[in-house]
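**Q** Enclosed is the structure file data05.csv (CSV, C-alpha atoms).
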chain,number,residue,atom,x,y,z
A,1,MET,CA,-16.8,-6.8,-17.5
A,2,THR,CA,-14.4,-9.6,-18.5
A,3,ILE,CA,-11.0,-10.4,-17.1
A,4,GLN,CA,-9.5,-9.4,-20.4
A,5,GLN,CA,-11.1,-6.0,-20.2
A,6,THR,CA,-9.8,-5.4,-16.6
A,7,ILE,CA,-6.3,-6.9,-16.9
A,8,ARG,CA,-5.1,-3.7,-18.3
A,9,SER,CA,-5.7,-2.0,-15.0
A,10,PHE,CA,-3.3,-4.4,-13.3
A,11,LEU,CA,-0.7,-3.7,-15.9
A,12,LEU,CA,-1.1,0.0,-15.5
A,13,CYS,CA,-1.3,0.3,-11.7
A,14,LEU,CA,1.8,1.9,-10.2
A,15,VAL,CA,2.9,0.5,-6.9
A,16,PHE,CA,5.1,2.8,-4.9
A,17,PRO,CA,7.7,1.3,-2.6
A,18,THR,CA,6.5,1.5,1.0
A,19,ALA,CA,7.3,-0.2,4.3
A,20,SER,CA,4.2,-2.3,3.9
A,21,PHE,CA,4.9,-3.4,0.4
A,22,ALA,CA,6.6,-6.7,1.3
A,23,GLN,CA,4.0,-7.3,4.1
A,24,TYR,CA,1.0,-7.1,1.8
A,25,GLY,CA,2.8,-8.9,-1.1
A,26,ALA,CA,3.5,-11.9,1.1
A,27,MET,CA,0.1,-11.9,2.9
A,28,PRO,CA,-2.1,-15.0,2.4
A,29,SER,CA,-5.2,-14.1,0.4
A,30,GLN,CA,-7.6,-15.0,3.1
A,31,GLU,CA,-5.9,-12.6,5.5
A,32,LEU,CA,-5.7,-10.0,2.8
A,33,MET,CA,-9.5,-10.4,2.3
A,34,GLN,CA,-10.1,-9.9,6.0
A,35,LYS,CA,-8.2,-6.7,6.0
A,36,ALA,CA,-9.9,-5.5,2.8
A,37,GLU,CA,-13.3,-6.2,4.3
A,38,ALA,CA,-12.4,-4.4,7.4
A,39,GLY,CA,-11.7,-1.3,5.3
A,40,ASP,CA,-7.9,-1.3,4.8
A,41,VAL,CA,-7.6,0.5,1.5
A,42,GLU,CA,-4.2,-0.8,0.6
A,43,ALA,CA,-5.4,-4.4,1.2
A,44,GLN,CA,-8.4,-3.6,-1.0
A,45,PHE,CA,-6.1,-2.4,-3.8
A,46,ARG,CA,-3.8,-5.4,-3.4
A,47,LEU,CA,-6.8,-7.8,-3.4
A,48,GLY,CA,-8.1,-6.2,-6.6
A,49,SER,CA,-4.6,-6.6,-8.2
A,50,ARG,CA,-4.6,-10.3,-7.2
A,51,TYR,CA,-8.0,-10.9,-8.8
A,52,ASP,CA,-6.9,-8.9,-11.8
A,53,SER,CA,-3.8,-11.1,-12.4
A,54,GLY,CA,-4.9,-14.4,-10.9
A,55,ASP,CA,-2.1,-14.2,-8.3
A,56,ARG,CA,-3.0,-16.8,-5.6
A,57,VAL,CA,-6.7,-16.4,-6.4
A,58,ARG,CA,-8.8,-17.2,-9.5
A,59,ARG,CA,-8.9,-14.4,-12.0
A,60,ASP,CA,-12.1,-12.5,-11.7
A,61,GLY,CA,-12.6,-9.2,-13.4
A,62,GLU,CA,-15.7,-8.2,-11.5
A,63,GLU,CA,-14.0,-8.9,-8.2
A,64,ALA,CA,-11.0,-6.9,-9.3
A,65,ILE,CA,-13.1,-3.9,-10.2
A,66,LYS,CA,-15.1,-4.2,-7.0
A,67,TRP,CA,-12.0,-3.9,-4.8
A,68,TYR,CA,-10.3,-1.3,-6.9
A,69,ARG,CA,-13.5,0.8,-6.7
A,70,ARG,CA,-13.7,0.5,-2.9
A,71,ALA,CA,-10.1,1.6,-2.5
A,72,ALA,CA,-10.5,4.3,-5.1
A,73,GLU,CA,-13.7,5.8,-3.6
A,74,ALA,CA,-11.9,5.9,-0.2
A,75,GLY,CA,-9.2,8.1,-1.8
A,76,TYR,CA,-6.4,5.6,-2.6
A,77,ALA,CA,-4.5,7.0,-5.5
A,78,ASN,CA,-3.2,3.8,-7.0
A,79,ALA,CA,-6.7,2.4,-7.1
A,80,GLN,CA,-8.0,5.6,-8.6
A,81,ASN,CA,-5.5,5.2,-11.4
A,82,SER,CA,-6.5,1.6,-11.9
A,83,MET,CA,-10.1,2.6,-12.2
A,84,GLY,CA,-9.1,5.2,-14.8
A,85,SER,CA,-7.2,2.5,-16.7
A,86,VAL,CA,-10.3,0.2,-16.6
A,87,MET,CA,-12.4,2.9,-18.1
A,88,GLN,CA,-9.7,3.7,-20.7
A,89,ALA,CA,-9.4,0.1,-21.7
A,90,GLU,CA,-13.2,0.2,-22.4
A,91,LYS,CA,-12.7,3.4,-24.4
A,92,ARG,CA,-14.9,5.2,-21.8
A,93,TYR,CA,-12.5,8.1,-21.8
A,94,GLU,CA,-14.9,10.6,-20.3
A,95,GLU,CA,-15.3,8.3,-17.3
A,96,ALA,CA,-11.5,7.6,-17.1
A,97,ARG,CA,-10.5,11.2,-16.8
A,98,PRO,CA,-12.1,12.0,-13.4
A,99,TRP,CA,-10.4,8.9,-11.9
A,100,TYR,CA,-7.1,10.0,-13.3
A,101,GLU,CA,-7.6,13.5,-12.1
A,102,ARG,CA,-8.3,12.3,-8.5
A,103,ALA,CA,-5.1,10.2,-8.5
A,104,ALA,CA,-3.1,13.0,-10.2
A,105,ALA,CA,-4.1,15.4,-7.5
A,106,GLN,CA,-2.3,13.1,-5.1
A,107,GLY,CA,0.9,13.1,-7.3
A,108,GLN,CA,0.4,9.7,-8.8
A,109,PRO,CA,2.7,10.0,-11.9
A,110,LEU,CA,1.1,7.3,-14.1
A,111,ALA,CA,-2.2,9.0,-13.7
A,112,ILE,CA,-0.7,12.3,-14.6
A,113,ASN,CA,0.9,10.8,-17.6
A,114,SER,CA,-2.4,9.2,-18.6
A,115,LEU,CA,-4.1,12.5,-18.4
A,116,GLY,CA,-1.5,13.9,-20.7
A,117,TYR,CA,-2.2,11.0,-23.1
A,118,LEU,CA,-6.0,11.8,-23.2
A,119,TYR,CA,-5.3,15.5,-23.9
A,120,ASP,CA,-2.5,14.7,-26.4
A,121,LEU,CA,-4.8,12.5,-28.5
A,122,GLY,CA,-8.1,14.2,-27.7
A,123,LEU,CA,-9.7,11.1,-26.1
A,124,GLY,CA,-12.8,12.2,-24.2
A,125,VAL,CA,-11.6,15.8,-24.2
A,126,THR,CA,-10.9,18.5,-26.7
A,127,GLN,CA,-7.5,17.8,-28.1
A,128,ASP,CA,-4.9,20.1,-26.5
A,129,ARG,CA,-1.3,19.3,-27.2
A,130,GLN,CA,-0.1,22.0,-24.8
A,131,LYS,CA,-2.1,20.6,-21.9
A,132,GLY,CA,-0.8,17.1,-22.8
A,133,PHE,CA,2.8,18.5,-22.7
A,134,GLU,CA,2.2,20.0,-19.3
A,135,PHE,CA,0.9,16.8,-17.9
A,136,TYR,CA,3.8,14.8,-19.4
A,137,SER,CA,6.2,17.3,-17.9
A,138,ARG,CA,4.7,16.9,-14.5
A,139,ALA,CA,4.9,13.2,-14.7
A,140,ALA,CA,8.5,13.4,-15.9
A,141,ASP,CA,9.4,15.6,-13.0
A,142,LEU,CA,8.1,12.8,-10.8
A,143,GLY,CA,10.5,10.4,-12.4
A,144,TRP,CA,8.1,8.6,-14.7
A,145,ALA,CA,10.2,7.5,-17.7
A,146,GLU,CA,7.3,6.9,-20.2
A,147,ALA,CA,6.3,10.6,-19.7
A,148,MET,CA,9.9,11.5,-20.7
A,149,TRP,CA,9.6,9.4,-23.8
A,150,ASN,CA,6.3,11.1,-24.6
A,151,LEU,CA,8.0,14.5,-24.4
A,152,ALA,CA,10.7,13.2,-26.7
A,153,ASN,CA,8.0,12.3,-29.2
A,154,MET,CA,6.4,15.7,-29.0
A,155,TYR,CA,9.6,17.5,-29.6
A,156,GLY,CA,10.6,15.2,-32.4
A,157,ALA,CA,7.3,15.4,-34.2
A,158,GLY,CA,7.1,19.2,-33.8
A,159,GLN,CA,3.7,18.9,-32.1
A,160,LEU,CA,4.2,22.2,-30.2
A,161,GLY,CA,5.8,24.1,-33.1
A,162,ASN,CA,9.0,23.5,-35.0
A,163,LYS,CA,10.7,20.1,-34.6
A,164,ASP,CA,13.5,20.1,-31.9
A,165,LEU,CA,15.6,17.1,-32.4
A,166,ASP,CA,18.1,18.2,-29.7
A,167,MET,CA,15.4,18.1,-27.1
A,168,ALA,CA,14.0,14.9,-28.5
A,169,CYS,CA,17.4,13.4,-28.0
A,170,VAL,CA,17.7,14.7,-24.5
A,171,TRP,CA,14.4,13.4,-23.4
A,172,THR,CA,15.0,10.1,-25.0
A,173,PHE,CA,18.1,9.5,-23.0
A,174,ARG,CA,16.4,10.8,-19.8
A,175,ALA,CA,13.7,8.2,-20.4
A,176,LEU,CA,16.3,5.4,-20.8
A,177,LYS,CA,18.1,6.5,-17.7
A,178,TYR,CA,15.1,6.4,-15.4
A,179,VAL,CA,13.0,3.5,-16.9
A,180,GLU,CA,12.3,0.7,-14.5
A,181,PRO,CA,13.6,-2.7,-15.5
A,182,ASN,CA,10.1,-4.2,-15.9
A,183,TRP,CA,9.1,-1.4,-18.2
A,184,ARG,CA,12.1,-1.6,-20.6
A,185,GLN,CA,10.2,-3.5,-23.2
A,186,THR,CA,7.6,-0.7,-23.3
A,187,LEU,CA,10.4,1.8,-24.1
A,188,ALA,CA,12.1,-0.3,-26.7
A,189,PRO,CA,11.3,2.4,-29.3
A,190,ALA,CA,13.3,4.8,-27.2
A,191,ALA,CA,16.3,2.6,-27.3
A,192,ARG,CA,16.1,2.5,-31.1
A,193,ALA,CA,15.7,6.2,-31.2
A,194,ALA,CA,18.9,6.6,-29.1
A,195,GLY,CA,20.8,4.6,-31.7
A,196,PHE,CA,19.4,6.9,-34.4
A,197,PHE,CA,20.6,10.0,-32.6
A,198,GLU,CA,24.0,8.5,-32.1
A,199,ARG,CA,24.4,7.6,-35.7
A,200,SER,CA,22.9,10.9,-37.1
A,201,PHE,CA,24.2,13.6,-34.8
A,202,PRO,CA,27.6,15.2,-35.2
A,203,LYS,CA,29.8,14.0,-32.3
A,204,ASP,CA,29.7,17.3,-30.4
A,205,GLN,CA,25.9,17.6,-30.7
A,206,PHE,CA,25.5,14.0,-29.5
A,207,VAL,CA,27.8,14.5,-26.5
A,208,ALA,CA,25.9,17.7,-25.6
A,209,CYS,CA,22.6,15.7,-25.7
A,210,LYS,CA,24.0,13.0,-23.4
A,211,GLN,CA,25.4,15.5,-21.0
A,212,LYS,CA,22.1,17.3,-20.6
A,213,ALA,CA,20.3,14.1,-20.1
A,214,GLU,CA,22.8,12.9,-17.5
A,215,GLU,CA,22.9,16.1,-15.5
A,216,TRP,CA,19.1,16.3,-15.1
A,217,GLN,CA,17.2,14.8,-12.2
A,218,PRO,CA,13.5,14.6,-11.6
A,219,ALA,CA,12.2,17.5,-9.5
A,220,ASN,CA,11.2,15.3,-6.6
A,221,GLY,CA,14.8,13.9,-6.3
A,222,ARG,CA,14.0,10.3,-6.9
A,223,THR,CA,17.1,8.3,-7.7
A,224,LYS,CA,17.3,5.8,-10.5
A,225,ARG,CA,17.2,3.0,-7.9
A,226,ASP,CA,14.0,4.5,-6.5
A,227,ALA,CA,12.5,4.6,-9.9
A,228,GLN,CA,13.4,1.0,-10.6
A,229,GLN,CA,11.5,0.0,-7.4
A,230,GLY,CA,8.5,2.1,-8.4
A,231,ALA,CA,6.5,-0.3,-10.5
A,232,ALA,CA,5.5,-3.9,-10.0
A,233,GLY,CA,5.2,-6.5,-12.7
A,234,ASP,CA,5.6,-6.2,-16.4
A,235,ALA,CA,3.7,-3.1,-17.6
A,236,ALA,CA,2.6,-1.6,-20.8
A,237,THR,CA,0.8,1.7,-21.5
A,238,ALA,CA,-1.1,2.9,-24.5
A,239,PRO,CA,1.2,3.8,-27.4
A,240,ARG,CA,1.6,7.3,-28.6
A,241,PRO,CA,0.5,8.1,-32.2
Go ahead and render the structure in this file as structure tokens.

**A**
Amino acid sequence: MTIQQTIRSFLLCLVFPTASFAQYGAMPSQELMQKAEAGDVEAQFRLGSRYDSGDRVRRDGEEAIKWYRRAAEAGYANAQNSMGSVMQAEKRYEEARPWYERAAAQGQPLAINSLGYLYDLGLGVTQDRQKGFEFYSRAADLGWAEAMWNLANMYGAGQLGNKDLDMACVWTFRALKYVEPNWRQTLAPAARAAGFFERSFPKDQFVACKQKAEEWQPANGRTKRDAQQGAAGDAATAPRP
């Protein structure tokens, strides 16, 4: 598998803020390798990410997958998500789903959102918009802004029944509130949609939309600042239809 085929996993891997984040990020690659070989799953995941991106090591897709897989098979959720994204990038959707499911069982929001995407589009599974909606909702409740934007699209397109532009507006502004700085480009369409709602809605309807968006918080209580620290690097996920 080539670097180009695996680089997507780096772009899709969610890195949660932990006490060890700075430690592993600053660690020399040789020391990181020693920890990875000794069975440290976070070191394995970080090493995979370095090989995936060419950060302080030569890019090597096979090495990236090797270390992702080791951490994933040991139960590390971020690595499981990365393995899912590797499979998805190869259009091996039936193989991606179990990895996403394992990560989702541990509350990994990007994996949960990706499961929603598979069901939403029917990739490797029977298409089930309702199930996609449920996964997007779970990821949104964990503070994942792209899932909020996906919900806005579902409401706006009437994919679960009649179109609901009010809820499309609400979820659009929730997504813009919680999006991490490094993911803003991914949600550029949401910013354009926000302008459409502002221009198109009567003033009182638009004010009500903004108020509902502002008053809501993810169920896990993550603050906007937490969310902004929740992803590392520029990231891009697969577009919705």

**Q** Pick from A:Gly54, A:Pro181, A:Pro109, A:Gly122: nearest to Met148 of chain A, with all atoms listed in the file counted?

**A**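 Smallest separation from Met148 of chain A among the options: A:Pro109.
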
**Q** Which distance in Å separates atom CA of Glu90 of chain A and atom CA of Lys131 of chain A, to one decimal?

**A**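 According to the coordinates, atom CA of Glu90 of chain A and atom CA of Lys131 of chain A are separated by 23.2 Å.
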
**Q** Which one of A:Ala72, A:Ala104, A:Gly195, A:Gln23 sits closest to Phe45 of chain A if you count all atoms listed in the file?

**A**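 Counting all atoms listed in the file, the residue closest to Phe45 of chain A is A:Ala72.
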
**Q** State, in Å with one decimal place, the distance from atom CA of Leu176 of chain A to atom CA of Trp149 of chain A.

**A**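 So the answer is 8.4 Å.
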
**Q** Ala77 of chain A: which residues within 9 Å, counting only C-alpha atoms, same-chain residues fewer than 3 positions away excluded, as a ChimeraX atom specification?

**A** /A:71-72,80-82,99-100,102-108,111

**Q** Between A:Ala191, A:Ala219, A:Lys91, A:Asp166, which is the closest to Val207 of chain A once you count all atoms listed in the file?

**A**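 Among the listed residues, the smallest separation from Val207 of chain A belongs to A:Asp166.
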
**Q** Neighbouring residues of Gly156 of chain A were defined as those with any atom within 6 Å, considering all atoms listed in the file; residues of the same chain fewer than 5 positions away were excluded. Please report them as a list in words.

**A**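 Using all atoms listed in the file, the neighbours found are Lys163, Asp164, Leu165 and Ala168 of chain A.
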
**Q** Residues proximal to (-0.4, 17.1, -28.3) were defined as those with any atom within 8 Å of that point in the file's coordinates, counting all atoms listed in the file. Which are they, as a ChimeraX atom specification?

**A** /A:119-121,127-133,154,159-160

**Q** Pick out the closest residue to Pro28 of chain A from this set: A:Leu47, A:Arg184, A:Trp171, A:Gly84. Count only C-alpha atoms.

**A**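 Among the listed residues, A:Leu47 lies closest to Pro28 of chain A.
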
**Q** Distance cut-off 10 Å, centre (-15.8, -3.6, -11.0) in file coordinates, counting all atoms listed in the file: which residues qualify? Return them as a count of residues only.

**A** 17

**Q** Do a neighbour search on Ala145 of chain A at 6 Å with only C-alpha atoms, toss out local chain neighbours closer than 2 positions, and write the hits as JSON, numbers by chain.

**A** {"A": [147, 148, 175, 178, 179]}

**Q** May I have the residues within 10 Å of Tyr24 of chain A as a short mmCIF file (atom, residue, chain, number, x, y, z; two decimals) with C-alpha atoms, in the coordinates of the input, using only C-alpha atoms and disregarding those fewer than 5 positions away in the same chain?

**A**
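As a result, result_37.cif now contains:
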data_model
loop_
_atom_site.label_atom_id
_atom_site.label_comp_id
_atom_site.auth_asym_id
_atom_site.auth_seq_id
_atom_site.Cartn_x
_atom_site.Cartn_y
_atom_site.Cartn_z
CA ALA A 19 7.30 -0.20 4.30
CA SER A 29 -5.20 -14.10 0.40
CA GLU A 31 -5.90 -12.60 5.50
CA LEU A 32 -5.70 -10.00 2.80
CA GLU A 42 -4.20 -0.80 0.60
CA ALA A 43 -5.40 -4.40 1.20
CA ARG A 46 -3.80 -5.40 -3.40
CA LEU A 47 -6.80 -7.80 -3.40
#

**Q** Report, in Å to a single decimal, how far apart atom CA of Gly39 of chain A and atom CA of Ile112 of chain A are.

**A** 26.5 Å

**Q** Please provide as number ranges by chain all residues within 10 Å of Leu123 of chain A, with the sequence filter that same-chain residues fewer than 5 positions apart are discarded (counting only C-alpha atoms).

**A** A: 88, 91-94, 96-97, 115, 117-118
